[in-house]
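Data file: input.cif. Format and content: mmCIF, C-alpha atoms and all ligand atoms.
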data_protein
#
loop_
_atom_site.label_atom_id
_atom_site.label_comp_id
_atom_site.auth_asym_id
_atom_site.auth_seq_id
_atom_site.Cartn_x
_atom_site.Cartn_y
_atom_site.Cartn_z
CA MET A 1 16.46 141.75 -32.85
CA GLN A 2 19.65 141.70 -34.91
CA ASN A 3 22.79 142.02 -32.88
CA SER A 4 25.29 144.74 -33.59
CA SER A 5 27.99 142.50 -34.93
CA ALA A 6 25.61 141.22 -37.63
CA LEU A 7 24.68 144.84 -38.42
CA ILE A 8 28.32 145.85 -38.66
CA GLN A 9 29.00 142.92 -40.96
CA LYS A 10 26.07 143.90 -43.14
CA LEU A 11 27.20 147.54 -43.20
CA ARG A 12 30.70 146.48 -44.22
CA GLU A 13 29.41 144.27 -47.03
CA THR A 14 26.63 146.43 -48.42
CA ARG A 15 27.77 149.89 -47.18
CA ASN A 16 24.22 150.52 -46.11
CA LEU A 17 21.59 149.76 -43.49
CA THR A 18 17.94 150.59 -43.09
CA ASP A 19 17.02 153.51 -40.84
CA ALA A 20 15.85 151.05 -38.18
CA GLU A 21 19.17 149.19 -38.35
CA PHE A 22 21.19 152.41 -38.13
CA ARG A 23 19.14 153.34 -35.09
CA LEU A 24 19.92 150.03 -33.38
CA LEU A 25 23.61 150.42 -34.08
CA LEU A 26 23.65 154.02 -32.86
CA ILE A 27 22.06 153.15 -29.52
CA ASP A 28 24.22 150.10 -28.82
CA ASP A 29 27.06 151.20 -26.55
CA SER A 30 28.77 147.81 -26.45
CA CYS A 31 29.98 147.53 -30.05
CA HIS A 32 33.09 149.74 -29.90
CA GLU A 33 35.61 146.91 -30.35
CA ILE A 34 33.92 145.10 -33.19
CA LEU A 35 33.23 148.37 -35.03
CA ALA A 36 36.84 149.47 -34.60
CA GLN A 37 38.13 146.12 -35.94
CA ASN A 38 35.99 146.38 -39.05
CA ALA A 39 36.58 150.09 -39.68
CA ASP A 40 40.32 149.62 -39.26
CA ALA A 41 40.36 146.64 -41.64
CA VAL A 42 38.52 148.65 -44.31
CA ARG A 43 40.81 151.69 -43.97
CA ARG A 44 43.84 149.36 -44.29
CA GLU A 45 42.44 147.83 -47.49
CA HIS A 46 42.49 151.26 -49.14
CA TYR A 47 45.00 153.38 -47.26
CA GLY A 48 47.22 150.91 -45.42
CA THR A 49 48.48 152.60 -42.29
CA ASP A 50 48.86 156.02 -43.97
CA VAL A 51 47.74 159.13 -42.13
CA TYR A 52 47.75 162.26 -44.29
CA LEU A 53 48.65 165.61 -42.79
CA ARG A 54 47.19 168.96 -43.82
CA GLY A 55 48.63 172.30 -42.80
CA LEU A 56 45.74 174.40 -41.50
CA ILE A 57 46.03 178.16 -41.96
CA GLU A 58 43.29 180.04 -40.10
CA PHE A 59 43.64 183.32 -41.94
CA THR A 60 40.73 185.38 -40.61
CA ASN A 61 38.37 185.15 -37.68
CA TYR A 62 36.09 187.93 -38.89
CA CYS A 63 32.73 186.46 -39.79
CA LYS A 64 29.52 187.95 -41.08
CA ASN A 65 27.53 184.97 -39.86
CA ASP A 66 26.07 184.41 -36.44
CA CYS A 67 25.91 180.63 -36.05
CA LEU A 68 24.69 179.99 -32.54
CA TYR A 69 27.38 177.44 -31.66
CA CYS A 70 30.45 179.21 -32.99
CA GLY A 71 32.93 181.26 -30.99
CA ILE A 72 33.80 183.55 -33.90
CA ARG A 73 30.17 184.45 -34.61
CA LYS A 74 29.60 188.07 -35.50
CA SER A 75 27.86 188.91 -32.21
CA ASN A 76 30.71 187.74 -30.02
CA ARG A 77 32.15 191.06 -28.87
CA ASN A 78 34.77 189.25 -26.80
CA ALA A 79 36.45 187.71 -29.83
CA VAL A 80 39.65 189.56 -30.68
CA ARG A 81 39.55 189.81 -34.46
CA TYR A 82 42.48 189.36 -36.83
CA ARG A 83 43.27 188.95 -40.48
CA LEU A 84 46.45 187.59 -41.98
CA THR A 85 47.94 189.42 -44.93
CA ARG A 86 48.79 187.67 -48.17
CA GLU A 87 52.43 187.77 -47.09
CA ASP A 88 51.59 186.21 -43.71
CA ILE A 89 49.75 183.40 -45.47
CA LEU A 90 52.61 182.79 -47.89
CA GLU A 91 54.99 182.72 -44.94
CA CYS A 92 52.86 179.98 -43.34
CA CYS A 93 53.04 178.02 -46.59
CA LYS A 94 56.79 178.46 -46.75
CA GLU A 95 57.21 177.16 -43.24
CA GLY A 96 54.77 174.34 -43.88
CA TYR A 97 56.43 173.35 -47.13
CA ALA A 98 59.82 173.19 -45.44
CA LEU A 99 58.31 170.93 -42.76
CA GLY A 100 57.07 168.67 -45.57
CA PHE A 101 53.40 169.60 -45.83
CA ARG A 102 51.90 169.17 -49.30
CA THR A 103 48.35 170.29 -48.59
CA PHE A 104 47.42 173.73 -47.33
CA VAL A 105 43.97 174.37 -45.94
CA LEU A 106 42.91 178.00 -45.96
CA GLN A 107 40.18 178.33 -43.39
CA GLY A 108 38.40 181.43 -42.22
CA GLY A 109 35.16 183.01 -41.18
CA GLU A 110 33.00 184.51 -43.92
CA ASP A 111 34.94 187.76 -44.05
CA PRO A 112 33.79 190.29 -46.68
CA TYR A 113 37.25 191.89 -46.66
CA PHE A 114 38.47 188.85 -48.55
CA THR A 115 36.79 189.57 -51.87
CA ASP A 116 37.00 187.05 -54.69
CA ASP A 117 39.88 189.03 -56.17
CA ARG A 118 41.85 188.85 -52.93
CA ILE A 119 41.11 185.15 -52.46
CA CYS A 120 42.05 184.37 -56.07
CA ASP A 121 45.24 186.35 -55.73
CA ILE A 122 46.24 184.35 -52.64
CA ILE A 123 45.36 181.04 -54.29
CA SER A 124 47.31 181.91 -57.45
CA MET A 125 50.38 182.87 -55.46
CA ILE A 126 50.33 179.61 -53.50
CA HIS A 127 49.67 177.66 -56.68
CA LEU A 128 52.57 179.35 -58.43
CA GLN A 129 55.08 178.87 -55.63
CA TYR A 130 53.97 175.42 -54.48
CA SER A 131 52.63 173.78 -57.62
CA ASP A 132 53.02 170.29 -56.14
CA CYS A 133 50.69 171.10 -53.26
CA ALA A 134 46.94 170.75 -52.95
CA ILE A 135 45.04 173.87 -51.94
CA THR A 136 41.94 173.36 -49.84
CA LEU A 137 39.50 176.16 -49.09
CA SER A 138 37.18 176.33 -46.10
CA ILE A 139 35.62 179.77 -46.34
CA GLY A 140 31.90 179.12 -46.34
CA GLU A 141 28.97 179.77 -48.61
CA LYS A 142 29.75 181.65 -51.82
CA SER A 143 28.19 181.97 -55.28
CA TYR A 144 28.76 179.44 -58.05
CA GLU A 145 30.82 182.07 -59.90
CA SER A 146 33.05 182.62 -56.89
CA TYR A 147 33.62 178.90 -56.43
CA GLN A 148 34.48 178.66 -60.11
CA ALA A 149 36.93 181.56 -59.91
CA TYR A 150 38.75 179.99 -56.93
CA PHE A 151 38.92 176.67 -58.79
CA GLN A 152 40.38 178.33 -61.86
CA ALA A 153 42.91 180.11 -59.68
CA GLY A 154 44.18 176.73 -58.49
CA ALA A 155 42.09 175.54 -55.52
CA ASN A 156 41.45 171.78 -55.62
CA ARG A 157 39.40 170.96 -52.56
CA TYR A 158 36.67 172.61 -50.51
CA LEU A 159 35.50 171.88 -46.98
CA LEU A 160 32.00 173.02 -46.12
CA ARG A 161 30.37 171.10 -43.33
CA HIS A 162 26.64 170.84 -43.88
CA GLU A 163 26.37 170.94 -40.02
CA THR A 164 23.01 169.12 -40.06
CA ALA A 165 20.93 167.83 -42.94
CA ASP A 166 17.62 168.40 -41.17
CA ILE A 167 15.95 171.69 -42.11
CA ALA A 168 14.28 172.27 -38.73
CA HIS A 169 17.43 171.34 -36.82
CA TYR A 170 19.50 173.59 -39.08
CA ALA A 171 17.19 176.49 -38.19
CA LYS A 172 17.84 175.91 -34.48
CA LEU A 173 21.60 176.17 -34.94
CA HIS A 174 21.64 179.13 -37.31
CA PRO A 175 20.05 182.58 -37.48
CA ALA A 176 17.25 183.41 -39.90
CA GLY A 177 18.82 184.17 -43.24
CA MET A 178 20.98 181.07 -43.34
CA SER A 179 19.41 178.00 -44.87
CA CYS A 180 20.06 174.32 -44.97
CA ASP A 181 19.03 174.23 -48.64
CA ASN A 182 21.54 176.85 -49.64
CA ARG A 183 24.29 175.06 -47.78
CA LYS A 184 23.47 171.76 -49.49
CA ASN A 185 23.27 173.54 -52.86
CA CYS A 186 26.74 174.97 -52.32
CA LEU A 187 28.08 171.45 -51.79
CA PHE A 188 26.49 170.14 -54.99
CA GLN A 189 27.84 173.13 -56.92
CA LEU A 190 31.34 172.60 -55.57
CA ARG A 191 31.21 168.97 -56.64
CA GLU A 192 29.95 169.93 -60.10
CA ILE A 193 32.80 172.41 -60.58
CA GLY A 194 35.28 169.64 -59.89
CA TYR A 195 36.45 170.17 -56.34
CA GLN A 196 37.14 167.28 -54.02
CA VAL A 197 34.44 168.13 -51.52
CA GLY A 198 34.22 167.73 -47.77
CA ALA A 199 30.96 167.85 -45.80
CA GLY A 200 30.23 166.90 -42.21
CA MET A 201 28.41 167.59 -38.99
CA MET A 202 28.95 168.17 -35.29
CA ILE A 203 28.08 165.22 -33.10
CA GLY A 204 26.03 166.04 -30.02
CA ALA A 205 25.02 169.48 -31.29
CA PRO A 206 22.18 171.05 -29.30
CA TYR A 207 18.77 169.58 -30.17
CA GLN A 208 20.33 166.79 -32.26
CA THR A 209 18.44 163.49 -32.27
CA LEU A 210 19.30 160.05 -33.62
CA ASP A 211 16.94 160.70 -36.51
CA HIS A 212 18.94 163.80 -37.41
CA LEU A 213 22.12 161.74 -37.50
CA ILE A 214 20.45 159.22 -39.79
CA GLU A 215 19.36 162.10 -42.05
CA ASP A 216 22.98 163.24 -42.06
CA LEU A 217 24.07 159.78 -43.21
CA ARG A 218 21.43 159.80 -45.97
CA PHE A 219 22.52 163.24 -47.13
CA LEU A 220 26.14 162.10 -47.21
CA GLN A 221 25.09 159.10 -49.32
CA GLU A 222 23.43 161.48 -51.77
CA LEU A 223 26.41 163.84 -51.93
CA ASN A 224 29.07 161.12 -51.80
CA PRO A 225 31.86 163.52 -50.79
CA GLN A 226 35.57 162.73 -50.87
CA MET A 227 36.02 164.00 -47.31
CA ILE A 228 33.82 163.95 -44.22
CA GLY A 229 34.74 166.08 -41.23
CA ILE A 230 32.99 165.25 -37.99
CA GLY A 231 33.78 166.15 -34.42
CA PRO A 232 32.01 166.69 -31.13
CA PHE A 233 30.02 169.85 -30.47
CA LEU A 234 31.97 171.75 -27.80
CA SER A 235 30.38 174.69 -26.05
CA HIS A 236 31.84 178.17 -26.18
CA LYS A 237 31.27 180.50 -23.24
CA ASP A 238 30.42 183.54 -25.37
CA THR A 239 27.68 181.91 -27.46
CA PRO A 240 23.96 181.27 -26.86
CA PHE A 241 24.84 177.57 -26.52
CA ARG A 242 27.20 178.14 -23.58
CA ASN A 243 25.14 175.91 -21.26
CA PHE A 244 24.76 172.93 -23.56
CA HIS A 245 26.69 169.72 -22.93
CA ASN A 246 29.63 168.81 -25.10
CA GLY A 247 29.24 165.94 -27.53
CA ASP A 248 30.55 162.65 -26.17
CA LEU A 249 33.58 160.71 -27.25
CA GLU A 250 31.90 157.37 -27.88
CA SER A 251 29.27 158.92 -30.15
CA VAL A 252 31.91 160.58 -32.31
CA LEU A 253 33.92 157.36 -32.52
CA LYS A 254 30.79 155.38 -33.39
CA LEU A 255 30.01 157.74 -36.26
CA LEU A 256 33.60 157.62 -37.52
CA GLY A 257 33.43 153.82 -37.67
CA ILE A 258 30.07 153.86 -39.42
CA LEU A 259 31.30 156.42 -41.95
CA ARG A 260 34.42 154.37 -42.73
CA LEU A 261 32.23 151.35 -43.47
CA MET A 262 29.76 153.37 -45.56
CA PHE A 263 32.47 155.23 -47.49
CA PRO A 264 35.52 152.96 -47.63
CA LYS A 265 37.72 155.42 -49.55
CA VAL A 266 36.64 158.63 -47.87
CA LEU A 267 39.16 160.97 -46.23
CA LEU A 268 38.18 161.12 -42.61
CA PRO A 269 39.99 163.50 -40.28
CA ALA A 270 40.58 162.86 -36.61
CA THR A 271 39.63 166.44 -35.80
CA THR A 272 41.03 169.05 -33.45
CA ALA A 273 37.68 169.06 -31.64
CA LEU A 274 38.08 165.34 -30.98
CA GLY A 275 41.59 165.97 -29.64
CA THR A 276 40.21 168.77 -27.46
CA LEU A 277 37.45 166.57 -26.04
CA HIS A 278 39.87 163.84 -24.95
CA PRO A 279 43.69 163.77 -24.75
CA GLU A 280 43.81 160.61 -26.86
CA GLY A 281 40.77 161.51 -28.94
CA ARG A 282 42.60 161.65 -32.23
CA GLU A 283 44.46 158.37 -31.69
CA LEU A 284 41.13 156.71 -30.88
CA GLY A 285 39.71 158.31 -34.02
CA LEU A 286 42.52 156.85 -36.14
CA GLN A 287 41.79 153.43 -34.67
CA MET A 288 38.17 153.88 -35.71
CA GLY A 289 38.95 154.49 -39.39
CA ALA A 290 40.10 158.13 -39.48
CA ASN A 291 43.06 158.75 -41.79
CA VAL A 292 43.75 162.50 -41.81
CA ILE A 293 45.08 164.98 -39.23
CA MET A 294 45.16 168.74 -39.76
CA PRO A 295 47.95 170.32 -37.69
CA ASN A 296 47.78 174.04 -37.10
CA LEU A 297 50.09 176.10 -39.30
CA SER A 298 48.72 179.54 -38.37
CA PRO A 299 51.15 182.04 -36.85
CA MET A 300 51.48 181.41 -33.10
CA SER A 301 50.35 184.98 -32.37
CA VAL A 302 46.82 184.43 -33.72
CA ARG A 303 46.12 180.85 -32.70
CA LYS A 304 44.31 181.59 -29.48
CA LYS A 305 42.06 183.99 -31.37
CA TYR A 306 40.58 181.31 -33.61
CA MET A 307 38.51 179.89 -30.77
CA LEU A 308 35.54 178.14 -32.30
CA TYR A 309 34.86 176.47 -28.93
CA ASP A 310 36.34 176.66 -25.42
CA ASN A 311 39.82 175.23 -24.74
CA LYS A 312 40.61 174.49 -28.39
CA ILE A 313 44.06 172.91 -28.47
CA CYS A 314 46.47 174.84 -30.63
CA THR A 315 50.01 174.94 -29.29
CA GLY A 316 50.86 171.31 -28.41
CA ASP A 317 51.25 168.28 -30.65
CA GLU A 318 48.55 169.54 -33.00
CA SER A 319 50.87 172.37 -33.95
CA ALA A 320 52.48 171.82 -37.37
CA GLN A 321 55.85 172.74 -35.87
CA GLN A 322 55.49 169.80 -33.47
CA TYR A 323 54.62 167.30 -36.11
CA HIS A 324 57.44 164.97 -35.07
CA ALA A 325 55.72 164.58 -31.71
CA LEU A 326 52.46 164.06 -33.53
CA ALA A 327 54.11 161.47 -35.78
CA LYS A 328 55.18 159.53 -32.69
CA ARG A 329 51.66 159.55 -31.34
CA VAL A 330 50.32 158.37 -34.67
CA GLU A 331 52.90 155.55 -34.68
CA SER A 332 52.03 154.51 -31.17
CA ALA A 333 48.41 154.19 -32.34
CA GLY A 334 49.60 151.83 -35.11
CA TYR A 335 49.84 154.16 -38.11
CA GLN A 336 52.30 156.36 -39.99
CA VAL A 337 52.16 159.95 -41.08
CA VAL A 338 52.72 160.46 -44.78
CA MET A 339 53.88 163.77 -46.17
CA ALA A 340 52.06 163.68 -49.49
CA ARG A 341 49.17 165.49 -51.10
CA GLY A 342 46.99 162.63 -49.94
CA ASP A 343 44.16 162.83 -52.45
CA ALA A 344 41.16 160.57 -51.92
CA LYS A 345 41.71 157.24 -53.67
CA GLY A 346 40.29 157.52 -57.16
CA PHE A 347 40.85 161.29 -57.16
CA GLU A 348 44.59 161.54 -57.53
CA THR A 349 44.83 164.68 -59.67
CA LYS A 350 47.66 166.54 -61.42
N1 LIG A 401 31.98 172.96 -31.44
C1 LIG A 401 32.44 172.09 -32.36
N2 LIG A 401 32.66 172.42 -33.64
C2 LIG A 401 32.42 173.70 -34.00
N3 LIG A 401 32.53 174.31 -35.18
C3 LIG A 401 32.18 175.59 -35.02
N4 LIG A 401 31.83 175.82 -33.75
C4 LIG A 401 31.96 174.66 -33.09
C5 LIG A 401 31.72 174.24 -31.76
N5 LIG A 401 31.26 175.08 -30.83
C6 LIG A 401 32.88 173.60 -36.40
C7 LIG A 401 31.76 173.74 -37.43
C8 LIG A 401 32.45 174.41 -38.59
C9 LIG A 401 33.90 174.06 -38.37
C10 LIG A 401 34.87 174.98 -39.00
O1 LIG A 401 34.04 174.12 -36.96
O2 LIG A 401 31.29 172.45 -37.82
O3 LIG A 401 31.98 173.99 -39.85
#

Can you turn what I pasted into structure tokens?
Amino acid sequence: MQNSSALIQKLRETRNLTDAEFRLLLIDDSCHEILAQNADAVRREHYGTDVYLRGLIEFTNYCKNDCLYCGIRKSNRNAVRYRLTREDILECCKEGYALGFRTFVLQGGEDPYFTDDRICDIISMIHLQYSDCAITLSIGEKSYESYQAYFQAGANRYLLRHETADIAHYAKLHPAGMSCDNRKNCLFQLREIGYQVGAGMMIGAPYQTLDHLIEDLRFLQELNPQMIGIGPFLSHKDTPFRNFHNGDLESVLKLLGILRLMFPKVLLPATTALGTLHPEGRELGLQMGANVIMPNLSPMSVRKKYMLYDNKICTGDESAQQYHALAKRVESAGYQVVMARGDAKGFETK
């Protein structure tokens, strides 16, 4: 049997392993240190100690979907719904810009109120007023024409986690009517249009197996996205998955390290979910190859309403307004926040 340090070396050199080798690495719980050393060395080769910040604007928690894991699913009658106006959103950008942010991420549920015209209008306004900033969308599955219209209006990047690449597993996490194939198609369309694309999955999602994770890695190899967002599954009390265990810290860190070695130049956020799971989750993520943090720039009054999972952190150091405190934490982990657009290497546009 190959030992993990030989597997990690092979992964670093060839960016790939066989399924059997991935399985061995995923079940070995003693390789944290050696994986972290290698992942950190690879991130430093391409990104030095830079950690890019994104200002996250959660502009609507209305959603027409009913994903079984998600706290803002349509059937959750306890969710208090809100929408930001165009002016609210522009105000967030203004505040973010003054703080130094140069990427804005517009994230929301799939809210039919926000028609393509409304979305394009918002994008154009941001693009006009903050032409040196990148605009990232995270608003779900849309048609090719819609994606094209947003791109033409000035959006540059799109985050759409595939959630799981396995068709049967996908069907256990989502209601009938949503499909794994459509989600994957959306990602390929976004890439074709010219977006920098982000995919990703929840680690420790209900019914997830090691084989599913390996399928996720294979799908990511096929898509070759510029960004990969992963975090632990965290249960939400008002969803059908309320009684499932949360994903565990070491599994998320393991996957971050593996992803950094497979995709040396990828943008890899240390996610809010990781920071919610463990007080030092994001610092540990950075030390395992992550190089992006997405502080919350939404108005304080709505933050507690965008509860995708229980106890989501939203008013402490992950708040954009507290980014000096965040910067200190990043420094104490050995890195530095950089207030720049932070495109993926090889994709520096405009
Ligand atoms: N736990 C962890 N992540 C979640 N997301 C949604 N619900 C949960 C949850 N309960 C993630 C999904 C989605 C992203 C915006 O948030 O992966 O794509």

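You will find CA of Cys67 (chain A) at 16.2 Å from CA of Gln107 (chain A).
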
*Rank A:Asn156, A:Asn61, A:Gln37, A:Gln148 by their smallest atom-to-atom distance to Glu110 (chain A), using only C-alpha atoms, and report the top residue only.*
A:Asn61

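Reported to one decimal place, the separation of CA of Leu267 (chain A) from CA of Ala290 (chain A) is 7.4 Å.
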
*Surroundings of ligand LIG 401 (chain A) up to 7 Å, based on all atoms listed in the file, as JSON, numbers by chain*: {"A": [69, 70, 71, 160, 161, 163, 201, 202, 231, 232, 233, 234, 235, 236, 273, 308, 309]}

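Between CA of Asp40 (chain A) and CA of Gly289 (chain A) there is a distance of 5.1 Å.
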
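Distances to Gly257 (chain A) were evaluated for A:Met288, A:Ile57, A:Glu33, A:Tyr150 using all atoms listed in the file, and the minimum falls at A:Met288.
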
_Among the residues A:Ala344, A:Ala149, A:Ile34, A:Cys314, the one that comes closest to Pro225 (chain A) [using all atoms listed in the file]_ = A:Ala344

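Distances to Pro269 (chain A) were evaluated for A:Met227, A:Leu297, A:Leu253, A:Ile214 using all atoms listed in the file, and the minimum falls at A:Met227.
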
*Between A:Gly200, A:Gly229, A:Gly281, A:Pro206, single out the one closest to His169 (chain A), counting all atoms listed in the file.*
A:Pro206

*Can you tell me, as a PyMOL selection string, what residues are no more than 12 Å from Asn3 (chain A) when counting only C-alpha atoms, ignoring any on the same chain fewer than 3 positions away?*
chain A and resi 6-10+21-22+24-25+27-31+34

_Within 9 Å of Glu58 (chain A) using only C-alpha atoms, minus same-chain residues under 5 positions, as number ranges by chain_ = A: 83-84, 105-109, 296-299, 302-303, 306

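Nearest residue to Asp88 (chain A), choosing from A:Lys172, A:Ser301, A:Gly194, A:Leu213 and counting only C-alpha atoms: A:Ser301.
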
*asked:* Show me, as a PyMOL selection string, the residues that have an atom within 12 Å of His174 (chain A) when counting all atoms listed in the file, minus same-chain residues fewer than 6 positions from it.
replied: chain A and resi 65-70+73+162-164+167-168+180+183+205-206+239-241

Selected residues, C-alpha atoms, written as an mmCIF file, keeping the file's coordinate frame, please.
data_model
loop_
_atom_site.group_PDB
_atom_site.id
_atom_site.type_symbol
_atom_site.label_atom_id
_atom_site.label_comp_id
_atom_site.auth_asym_id
_atom_site.auth_seq_id
_atom_site.Cartn_x
_atom_site.Cartn_y
_atom_site.Cartn_z
ATOM 1 C CA ASN A 65 27.530 184.970 -39.860
ATOM 2 C CA ASP A 66 26.070 184.410 -36.440
ATOM 3 C CA CYS A 67 25.910 180.630 -36.050
ATOM 4 C CA LEU A 68 24.690 179.990 -32.540
ATOM 5 C CA TYR A 69 27.380 177.440 -31.660
ATOM 6 C CA CYS A 70 30.450 179.210 -32.990
ATOM 7 C CA ARG A 73 30.170 184.450 -34.610
ATOM 8 C CA HIS A 162 26.640 170.840 -43.880
ATOM 9 C CA GLU A 163 26.370 170.940 -40.020
ATOM 10 C CA THR A 164 23.010 169.120 -40.060
ATOM 11 C CA ILE A 167 15.950 171.690 -42.110
ATOM 12 C CA ALA A 168 14.280 172.270 -38.730
ATOM 13 C CA CYS A 180 20.060 174.320 -44.970
ATOM 14 C CA ARG A 183 24.290 175.060 -47.780
ATOM 15 C CA ALA A 205 25.020 169.480 -31.290
ATOM 16 C CA PRO A 206 22.180 171.050 -29.300
ATOM 17 C CA THR A 239 27.680 181.910 -27.460
ATOM 18 C CA PRO A 240 23.960 181.270 -26.860
ATOM 19 C CA PHE A 241 24.840 177.570 -26.520
#

*asked:* Taking 6 positions as the minimum chain separation for residues in the same chain, which residues sit within 12 Å of Thr136 (chain A) when counting all atoms listed in the file? Answer as a PyMOL selection string.
replied: chain A and resi 54-58+102-108+123+126-127+147+150-151+153-160+195-198+227+294+341-343

*asked:* Can you tell me which residues surround Tyr113 (chain A) at a distance of at most 10 Å, considering only C-alpha atoms, apart from same-chain residues fewer than 4 positions away, and format the answer as number ranges by chain?
replied: A: 60, 62-63, 83, 118-119

_Distance query 9 Å from (40.4, 158.4, -31.3) using all atoms listed in the file, result as JSON, numbers by chain_ = {"A": [249, 252, 253, 270, 274, 275, 278, 280, 281, 282, 283, 284, 285, 286, 287, 288, 290]}
